[in-house]
Structures are given as structure tokens and as C-alpha cells.
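Undergrad: Please find one structure pasted underneath; my questions will follow.
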Amino acid sequence: MLERIEEIRAEANAAIGAAASSAELEELRVRYLGRKAELTGVLRGIADLAPEERGKVGGAANKARKELEALLEASAERLDASELDARLVADRVDVSLPGAPPRAVGHTHLIARTTRQIEDIMVGLGYSVAEGPEIEHDYYNFTALNHPPGHPARMLQDTFYVRSHPEVLLRTHTSPMQIRAMETQPPPIFIVIPGKVYRRDSDATHSPMFHQMEGLAIAEGLTLADLQGTLLAMVRGIFGGEREVRLRPHFFPFTEPSVEVDVSCFQCEGTGTLADGERCNLCKGQGWIEILGAGMVDPNVLGFVADSGYDPERVQGFAFGLGIERVAMLRHGVPDLRRFFDNDVRMLEQFS
Ligand code: PHE
């Protein structure tokens, strides 16, 4: 029996010393010291031995067990440390490496860029930039802009109203800011107002939300010629120095006279015909493209802000309103206005 104990001890000692991983070590612990191990069986059977054998066998078996336990513990420490070292090497991260793949830097949306470009042109002409609320009162959107009751633009199918407050709506144009701006500062006033506007329209050239740029100039002695000169400078800034403008009679409730403004076509140089003899597709052979509405501010409108110093007998001026999407579509050949708001990065990246 003593010999067998010595054999087990020697065999286990060698195996534990040679173990290469903590998993292997755990297997050896179960094999040599576990519940079903031979040595454990010997210890359990001591009581059944002849009395004179018990002391010697028990002593040897206990000694062997203690030795193996100590050896297992020492080996576990050694293997844990070297496994940790190996893991640290394998998991090492070089924090100085660049991210992969490198992220593209974002850029402003084409509508924002077009807005800024027009603002820059107008600031160059001495205008300042103002912004106003998109949720507007009926008074500013319609009444003070000389829309008589029953005007078709006030109808429910043309405008988004707030159901619980019938006098509150999403502004249908940036023109209400004409009134708000005049209420807060006396003449002379030269401002542009970019912003979102809302209409119940939706197709390839109309979106329920779109952007306008309003212009307002009020001073002593302004005439339609000043409007034409200002618009000429603006469209040349946007579409190129060779452009001309053309004013056609029109109607808006808050301007008198009112005009629609065309710019000479920048694709066919106003001829209506392309170099290959084909009809110009941009201006449909007209040589002119409609781009905005404008007019001289109606004296009735100034009457609504007379208390702020706008005496229609003393000051006069002009206003214009331009669709920003329309300008961007023309400038960049975008065929469908809805593409601006789909947020398809393939489209957006073309205008970086
Ligand atoms: N507010 C008008 C529109 O949205 C445009 C406009 C602005 C016309 C200023 C004249 C003067 O259609």
C-alpha cells in the first residue's frame, strides 16, 4: 500500500509540474485529489485497515495529499500569471492608430448653402438678416398683409391651421415677418428673412414644407427701378454676371404694383436654343425662367404699422419673396424637389 501511495504521488507530481494550462491543472486536481481519486479512496479506507497499518498508511497518504495540494496551488499561480501576460499581449490596442474606416466630414445641406449664398449677396448690398416664427398668427400671415376676408389663400385646403386655435397657423410665406420687422424698428429698413414655410401642396415641384427668402426695403423715395436694380444684383450673384431680369405684371394682395420676375436663362444664354439647335429644356425655349414674386409695398400694409413710424405718405419701398428650393433646383439641375428632404446621402454628397 505504501508503495502504491508513493507511485501515485510521483506520477501526480510529475504531471502537475508539466501542466501547461490552468484548465489542464484543474483536470489533474480532479484526477488525483477528487472524490473518485485513488488517493482519496485510500484515505477513506484507513478505518478498515488493521490497526497497526493505519498510522503508517494514513500518514503517508495525508503527506502525499498535502504535497500535491501545495504543488497544485503553486502551479495555478504560475500559470495564471503567464496566461494573463499572454492575454495582455494578444489584446493590446494601439490607441494611436487612425479609426478604420476614416469617417467623412459632414457638410451643409444644399438648401442651407443656397440660403447662405443669397444672404451673403444681400448683406453685401447693405441688408441685414432676420428670422421669425414658423407658427404664425392669422393677423401677420394674412390680415396685416392686406388679404381681405374670404381671400382664397385663407381657405382650409391651402393652409395648415391649429384645430383648437383657428387664428393660429403654419405660416404660408415669410411675408408676415415684413410686419413683425416694421413693428420693431422704424424706417429706413433693409432686411432679408430666410425660413421655412408650409402649404398643403405635394408633387415634384411642391413640398408641404419649403424655404423662402423674403426681402423688404422701406425708405424715402424708393421706386420700382430700385426693386429692379436690387433684383438684378441678386440674380447676377446667384446665376452669373451675364444675367438680365424681366418684370411681368402680376397680383399679390400686399404689393401694388406687383410683379413676377424672370431671369434670363443661364443654360441657353437667354436664346431658348442650345448649341446643338435643340430647344433649351431648362427655360422650355422661352429664354426666361420665372424665379420670384415682388412688388412695391401696398400703402395699406404700411397703414398697419403706422404707429411704428411708417407713414405711407412719407416712406415707400419694395418686397420680394423667392423660393430657395427652386433656385437650388435650377442652379444644380435637381429634377425633383422631394430629393432635398429624402436624406439620401448619395444625393447629399453630390453637393459637398
Ligand atoms: N409672399 C409671396 C408668396 O409667397 C411672395 C411675395 C413676397 C410677393 C413679397 C411679393 C412680395 O407667394
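As shown in the C-alpha cells, the chain order sets the letters A, B, ...; within each chain, residues go from 1, and ligands are also counted from 1 in the order they appear.
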Contacts between ligand 1 and chain A, please, where a residue of chain A counts if it comes within 9 Å (with only C-alpha atoms and all ligand atoms); show its shortest atom pair and distance in Å to one decimal, rows by chain and ascending number, as a Markdown table.
TA:
| residue | atom | partner | partner_atom_place_in_ligand_line | distance |
| --- | --- | --- | --- | --- |
| A:Thr172 | CA | ligand 1 | 4 (O) | 6.8 |
| A:His173 | CA | ligand 1 | 4 (O) | 4.6 |
| A:Thr174 | CA | ligand 1 | 1 (N) | 6.3 |
| A:Ser175 | CA | ligand 1 | 1 (N) | 5.1 |
| A:Pro176 | CA | ligand 1 | 1 (N) | 8.4 |
| A:Gln178 | CA | ligand 1 | 9 (C) | 8.6 |
| A:Val197 | CA | ligand 1 | 4 (O) | 8.6 |
| A:Gln212 | CA | ligand 1 | 4 (O) | 7.6 |
| A:Met213 | CA | ligand 1 | 7 (C) | 8.6 |
| A:Glu214 | CA | ligand 1 | 7 (C) | 6.1 |
| A:Gly215 | CA | ligand 1 | 9 (C) | 6.9 |
| A:Leu216 | CA | ligand 1 | 9 (C) | 7.7 |
| A:Phe251 | CA | ligand 1 | 10 (C) | 8.4 |
| A:Phe252 | CA | ligand 1 | 8 (C) | 6.0 |
| A:Pro253 | CA | ligand 1 | 10 (C) | 8.4 |
| A:Phe254 | CA | ligand 1 | 10 (C) | 7.0 |
| A:Thr255 | CA | ligand 1 | 10 (C) | 6.0 |
| A:Ser258 | CA | ligand 1 | 10 (C) | 6.6 |
| A:Val259 | CA | ligand 1 | 10 (C) | 7.5 |
| A:Glu260 | CA | ligand 1 | 8 (C) | 8.1 |
| A:Leu292 | CA | ligand 1 | 5 (C) | 7.0 |
| A:Gly293 | CA | ligand 1 | 8 (C) | 4.2 |
| A:Ala294 | CA | ligand 1 | 10 (C) | 3.6 |
| A:Gly295 | CA | ligand 1 | 10 (C) | 5.3 |
| A:Met296 | CA | ligand 1 | 11 (C) | 7.6 |
| A:Val297 | CA | ligand 1 | 11 (C) | 7.4 |
| A:Phe318 | CA | ligand 1 | 11 (C) | 7.4 |
| A:Ala319 | CA | ligand 1 | 11 (C) | 4.4 |
| A:Phe320 | CA | ligand 1 | 9 (C) | 3.6 |
| A:Gly321 | CA | ligand 1 | 7 (C) | 3.6 |
| A:Leu322 | CA | ligand 1 | 5 (C) | 6.7 |
| A:Gly323 | CA | ligand 1 | 4 (O) | 8.1 |
Undergrad: Quick one: residues within 12 Å of segment 333-343 of chain A, only C-alpha atoms, excluding same-chain residues fewer than 5 positions away - as a list in words?
TA: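 That gives His109, Leu110, Ile111, Ala112, Asp201, Ser202, Asp203, Ala204, Thr205, His206, Ser207, Pro208, Met209, Phe210, His211, Phe266, Gln267, Asn281, Leu282, Gly323, Ile324, Glu325, Arg326, Val327, Ala328, Leu348, Glu349, Gln350 and Phe351 of chain A.
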Undergrad: Give me the residues within 7 Å of Phe160 of chain A as JSON, numbers by chain, counting only C-alpha atoms and dropping any in the same chain fewer than 6 places off.
TA: {"A": [169, 170, 199, 200]}
Undergrad: Got time to write the residues from that selection, C-alpha atoms, as a PDB file, in the first residue's frame?
TA:
ATOM      1  CA  LEU A 169     -51.441  78.537 -38.483  1.00  0.00           C
ATOM      2  CA  LEU A 170     -48.162  77.440 -40.021  1.00  0.00           C
ATOM      3  CA  ARG A 199     -48.534  74.827 -47.751  1.00  0.00           C
ATOM      4  CA  ARG A 200     -50.892  71.952 -48.479  1.00  0.00           C
TER       5      ARG A 200
END
Undergrad: Residues at most 8 Å from Thr271 of chain A, counting only C-alpha atoms, excluding those fewer than 6 positions away in the same chain, as a PyMOL selection string?
TA: chain A and resi 265+285-287
Undergrad: May I have the selected residues written with all heavy atoms, as a PDB file, in the first residue's frame?
TA:
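This went into part-v9.pdb:
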ATOM      1  N   CYS A 265     -32.286  82.894 -69.101  1.00  0.00           N
ATOM      2  CA  CYS A 265     -31.858  81.508 -68.900  1.00  0.00           C
ATOM      3  C   CYS A 265     -30.330  81.401 -68.962  1.00  0.00           C
ATOM      4  O   CYS A 265     -29.700  81.883 -69.903  1.00  0.00           O
ATOM      5  CB  CYS A 265     -32.487  80.603 -69.957  1.00  0.00           C
ATOM      6  SG  CYS A 265     -32.047  78.864 -69.719  1.00  0.00           S
ATOM      7  N   GLY A 285     -37.454  76.726 -73.982  1.00  0.00           N
ATOM      8  CA  GLY A 285     -37.366  77.517 -75.209  1.00  0.00           C
ATOM      9  C   GLY A 285     -37.771  78.968 -75.057  1.00  0.00           C
ATOM     10  O   GLY A 285     -37.803  79.714 -76.038  1.00  0.00           O
ATOM     11  N   GLN A 286     -38.101  79.371 -73.813  1.00  0.00           N
ATOM     12  CA  GLN A 286     -38.578  80.740 -73.592  1.00  0.00           C
ATOM     13  C   GLN A 286     -37.442  81.762 -73.493  1.00  0.00           C
ATOM     14  O   GLN A 286     -37.649  82.941 -73.741  1.00  0.00           O
ATOM     15  CB  GLN A 286     -39.382  80.814 -72.282  1.00  0.00           C
ATOM     16  CG  GLN A 286     -40.606  79.921 -72.265  1.00  0.00           C
ATOM     17  CD  GLN A 286     -41.626  80.334 -73.312  1.00  0.00           C
ATOM     18  OE1 GLN A 286     -42.112  81.453 -73.291  1.00  0.00           O
ATOM     19  NE2 GLN A 286     -41.904  79.435 -74.242  1.00  0.00           N
ATOM     20  N   GLY A 287     -36.258  81.296 -73.039  1.00  0.00           N
ATOM     21  CA  GLY A 287     -35.156  82.226 -72.795  1.00  0.00           C
ATOM     22  C   GLY A 287     -35.224  82.882 -71.420  1.00  0.00           C
ATOM     23  O   GLY A 287     -34.279  83.520 -70.984  1.00  0.00           O
TER      24      GLY A 287
END
Undergrad: Counting only C-alpha atoms, which of A:Ala104, A:Val301, A:Ala76, A:Ala86 gets nearest to Asn141 of chain A?
TA: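 Using only C-alpha atoms, Asn141 of chain A sits closest to A:Val301.
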